[in-house]
Amino acid sequence: MPVTDTAHGKGTRVPSRRGLLLGSAAAAVGAAAGFSAAGLPLGAAAAEPDKALHGSDTIAFHGQHQPGITTPAPAFATFLALDLIPEPGAHEAATRDALARTLKIISDDASRLMAGRGILADTEPEMAANPARLTLTVGLGQHAVAILNPDLVPGWLKDLPRFSVDRLEKAWGQSDVLVQVCGDDQISLLHARRAIQKDLRTLAKTRWVQDGFRHSRGTMPEGATMRNLFGQKDGTGNPVDAMLERAVFGDEGLEPWVEGGTSLVLRRIEMDLEAWDEVDRPARDFSLGRRQSDGSPLTGEHEFDTPDLRVRDAAGFPVISADSHVARSQAREADEKILRRGYNYLDGTKAGLLFASYQCDVDRQFVPIQQRLDAADLLNEWTTPIGSAVYAILPGCREGSFLGKELLAT
């Protein structure tokens with residue numbers, strides 16, 4: 001309590017040492033908590049809802065097509081590969097029932113998580129509250145489609161042809177089921193992945209998990225092309241609008257394996273960043289066929305200019321090398337269009353690209369491009385595919401149903 005100090009005049013009240021200490025401590029706590037002397041938060045405007053926050057942004061789960069394919073590219077992705085657990089002595093119907101239960105659980109979990117709600121009996125529902133454009137997308141390998149309905153297994157659902165550049169590791173190989181989990185927040189994404197794994201622990205075991213990232217949302221204009229770890233823009237040549245719809249989901253002349261479905265080829269490509277560091281800018285641009293600075297083709301001025309392989313320099317040589325990545329990957333036919341969606345990865349000292357390619361028909365669209373890249377691509381000097389898997393992506397489902405229900409053989 002304050003005391004009267006007669007040395008300073010009658011009635012003068014001077015704070016005690018205890019009062020000074022307590023007052024200083026309170027002031028320090030108030031400052032640390034961001035409060036001014038008036039008791040209001042410093043920068044009071046910051047207490048108002050931030051209109052730039054995206055945590056509550058949601059994407060609908062139900063529809064003709066599954067989400068996470070042509071929806072806006074997220075900042076983060078996790079690819080979860082699962083193998084169905086065989087039931088001892090199970091006959092075909094029992095196995096099909098286990099797959100149906102797996103798909104039903106994933107569908108129910110996905111619809112909840114994407115809406116910002118926890119799964120049934122969720123022990124951490126708070127982690128689902130900010131979905132941040134979370135999407136879950138499900139694909140099946142050849143074995144799982146055969147269980148679902150053997151009459152529906154498409155001819156392209158198999159291992160890709162052998163490519164000379166491949167150094168494939170079994171650890172990143174084919175699985176029965178793939179759950180692609182995408183979003184702009186790693187907390188809700190990780191929660192979704194673990195929720196699926198926990199709910200399926202008696203039905204499927206995890207084969208591998210691959211995590212990737214792109215630019216964080218808000219750091220670049222919406223829809224801007226991402227950069228891979230070589231510094232190059234990755235995905236400039238993607239189809240758009242009607243061409244995108246045809247490339248991914250098909251139409252007359254390019255038939256999907258089932259209506260509303262598509263395919264996914266996932267390749268894990270290791271990149272030699274140390275060797276790439278030694279390559280100067282002209283050599284980098286020549287190898288790619290585009291300028292690293294802005295992604296424009298060497299024959300153009302803007303990123304989305306069409307590369308012109310006919311243009312020659314003063315000495316008569318092609319400006320864009322026939323062996324550049326752009327020249328080898330450029331579609332030769334309309335049916336060779338694919339939707340490229342890459343995610344960078346870092347795994348200890350290893351770095352690279354998770355190359356996700358979506359297309360209606362793997363054999364007609366993806367394989368011809370990959371064969372040309374395998375035969376001659378200047379970038380092969382610094383890249384090595386070490387993982388590969390192919391999946392049939394299920395069509396979407398309506399509310400009250402689950403993924404694959406209508407496709408189950410009776």
# chains A, B, ... in the order shown; residues from 1 in each chain; ligands from 1
>>> closest_atom_pairs(of="region 346-376 of chain A", to="region 221-244 of chain A", cutoff="8 Å", atoms="only C-alpha atoms", output="JSON lines")
{"residue": "A:Ala351", "atom": "CA", "partner": "A:Leu229", "partner_atom": "CA", "distance": 7.8}
{"residue": "A:Gly352", "atom": "CA", "partner": "A:Leu229", "partner_atom": "CA", "distance": 6.9}
{"residue": "A:Leu353", "atom": "CA", "partner": "A:Asn228", "partner_atom": "CA", "distance": 7.1}
>>> write_last_selection(atoms="C-alpha atoms", output="PDB file, in the first residue's frame")
ATOM      1  CA  ALA A 351      14.812 -33.343 -53.083  1.00  0.00           C
ATOM      2  CA  GLY A 352      12.586 -33.607 -56.092  1.00  0.00           C
ATOM      3  CA  LEU A 353       9.145 -33.425 -57.620  1.00  0.00           C
TER       4      LEU A 353
END
>>> closest_atom_pairs(of="region 126-171 of chain A", to="region 264-280 of chain A", cutoff="12 Å", atoms="only C-alpha atoms", output="tab-separated table")
residue	atom	partner	partner_atom	distance
A:Thr137	CA	A:Leu264	CA	10.5
A:Val138	CA	A:Leu264	CA	10.0
A:Gly139	CA	A:Leu264	CA	7.6
A:Leu140	CA	A:Leu264	CA	9.6
A:Gly141	CA	A:Leu264	CA	10.1
A:Trp156	CA	A:Val265	CA	10.7
A:Leu157	CA	A:Leu264	CA	9.8
A:Lys158	CA	A:Val265	CA	10.5
A:Asp159	CA	A:Val265	CA	9.9
A:Leu160	CA	A:Val265	CA	9.0
A:Val165	CA	A:Ile269	CA	10.5
A:Asp166	CA	A:Ile269	CA	9.2
A:Arg167	CA	A:Ile269	CA	9.6
A:Leu168	CA	A:Arg268	CA	8.9
A:Glu169	CA	A:Arg268	CA	9.7
A:Lys170	CA	A:Arg268	CA	11.7
A:Ala171	CA	A:Arg268	CA	10.9
>>> residues_around(residues="region 204-214 of chain A", least_positions_apart="5", cutoff="10 Å", atoms="only C-alpha atoms", output="PyMOL selection string")
chain A and resi 73-86+98-99+102+171-184+186+193+197-199+225-229+268+341-347+352-355
>>> closest_residue(among="A:Ser56, A:Asn149, A:Gln66, A:Asn130", to="Arg96 (chain A)", atoms="only C-alpha atoms")
A:Asn149
>>> atom_distance(atom1="CA of Arg340 (chain A)", atom2="CA of Gln365 (chain A)")
11.7 Å
>>> residues_around(residues="Glu406 (chain A)", least_positions_apart="4", cutoff="9 Å", atoms="only C-alpha atoms", output="PyMOL selection string")
chain A and resi 397+401-402
>>> residues_around(residues="Pro395 (chain A)", least_positions_apart="5", cutoff="9 Å", atoms="only C-alpha atoms", output="JSON, numbers by chain")
{"A": [63, 64, 65, 66, 258, 259, 260, 261, 262, 403, 404]}
>>> select_by_dssp(residues="region 49-284 of chain A", states="strand (DSSP E or B)", output="MDAnalysis selection string")
chainID A and resid 76:84 135:140 177:183 204:213 226:227 233:234 251 254 262:271
>>> atom_distance(atom1="CA of Ala132 (chain A)", atom2="CA of Asp57 (chain A)")
5.0 Å
>>> residues_around(residues="region 296-311 of chain A", least_positions_apart="4", cutoff="8 Å", atoms="only C-alpha atoms", output="list in words")
Thr236, Gly237, Asp285, Gly289, Arg290, Arg291, Gln292, Pro318, Val319, Ile320, Ser321, Ala322, Val326 and Ala327 of chain A
>>> closest_residue(among="A:Gly396, A:Lys350, A:Ala195, A:Lys405", to="Thr383 (chain A)", atoms="only C-alpha atoms")
A:Lys350
>>> residues_around(residues="Ser287 (chain A)", least_positions_apart="4", cutoff="8 Å", atoms="only C-alpha atoms", output="PDB file with C-alpha atoms, in the first residue's frame")
ATOM      1  CA  ALA A 283      22.298 -23.691 -70.368  1.00  0.00           C
ATOM      2  CA  SER A 321      16.390 -27.574 -79.238  1.00  0.00           C
ATOM      3  CA  ASP A 323      15.853 -32.376 -77.317  1.00  0.00           C
ATOM      4  CA  SER A 324      14.709 -29.690 -74.876  1.00  0.00           C
ATOM      5  CA  HIS A 325      12.100 -30.599 -72.306  1.00  0.00           C
ATOM      6  CA  ASP A 377      15.238 -34.958 -72.839  1.00  0.00           C
ATOM      7  CA  LEU A 378      18.096 -32.688 -71.839  1.00  0.00           C
ATOM      8  CA  LEU A 379      16.712 -32.477 -68.313  1.00  0.00           C
TER       9      LEU A 379
END
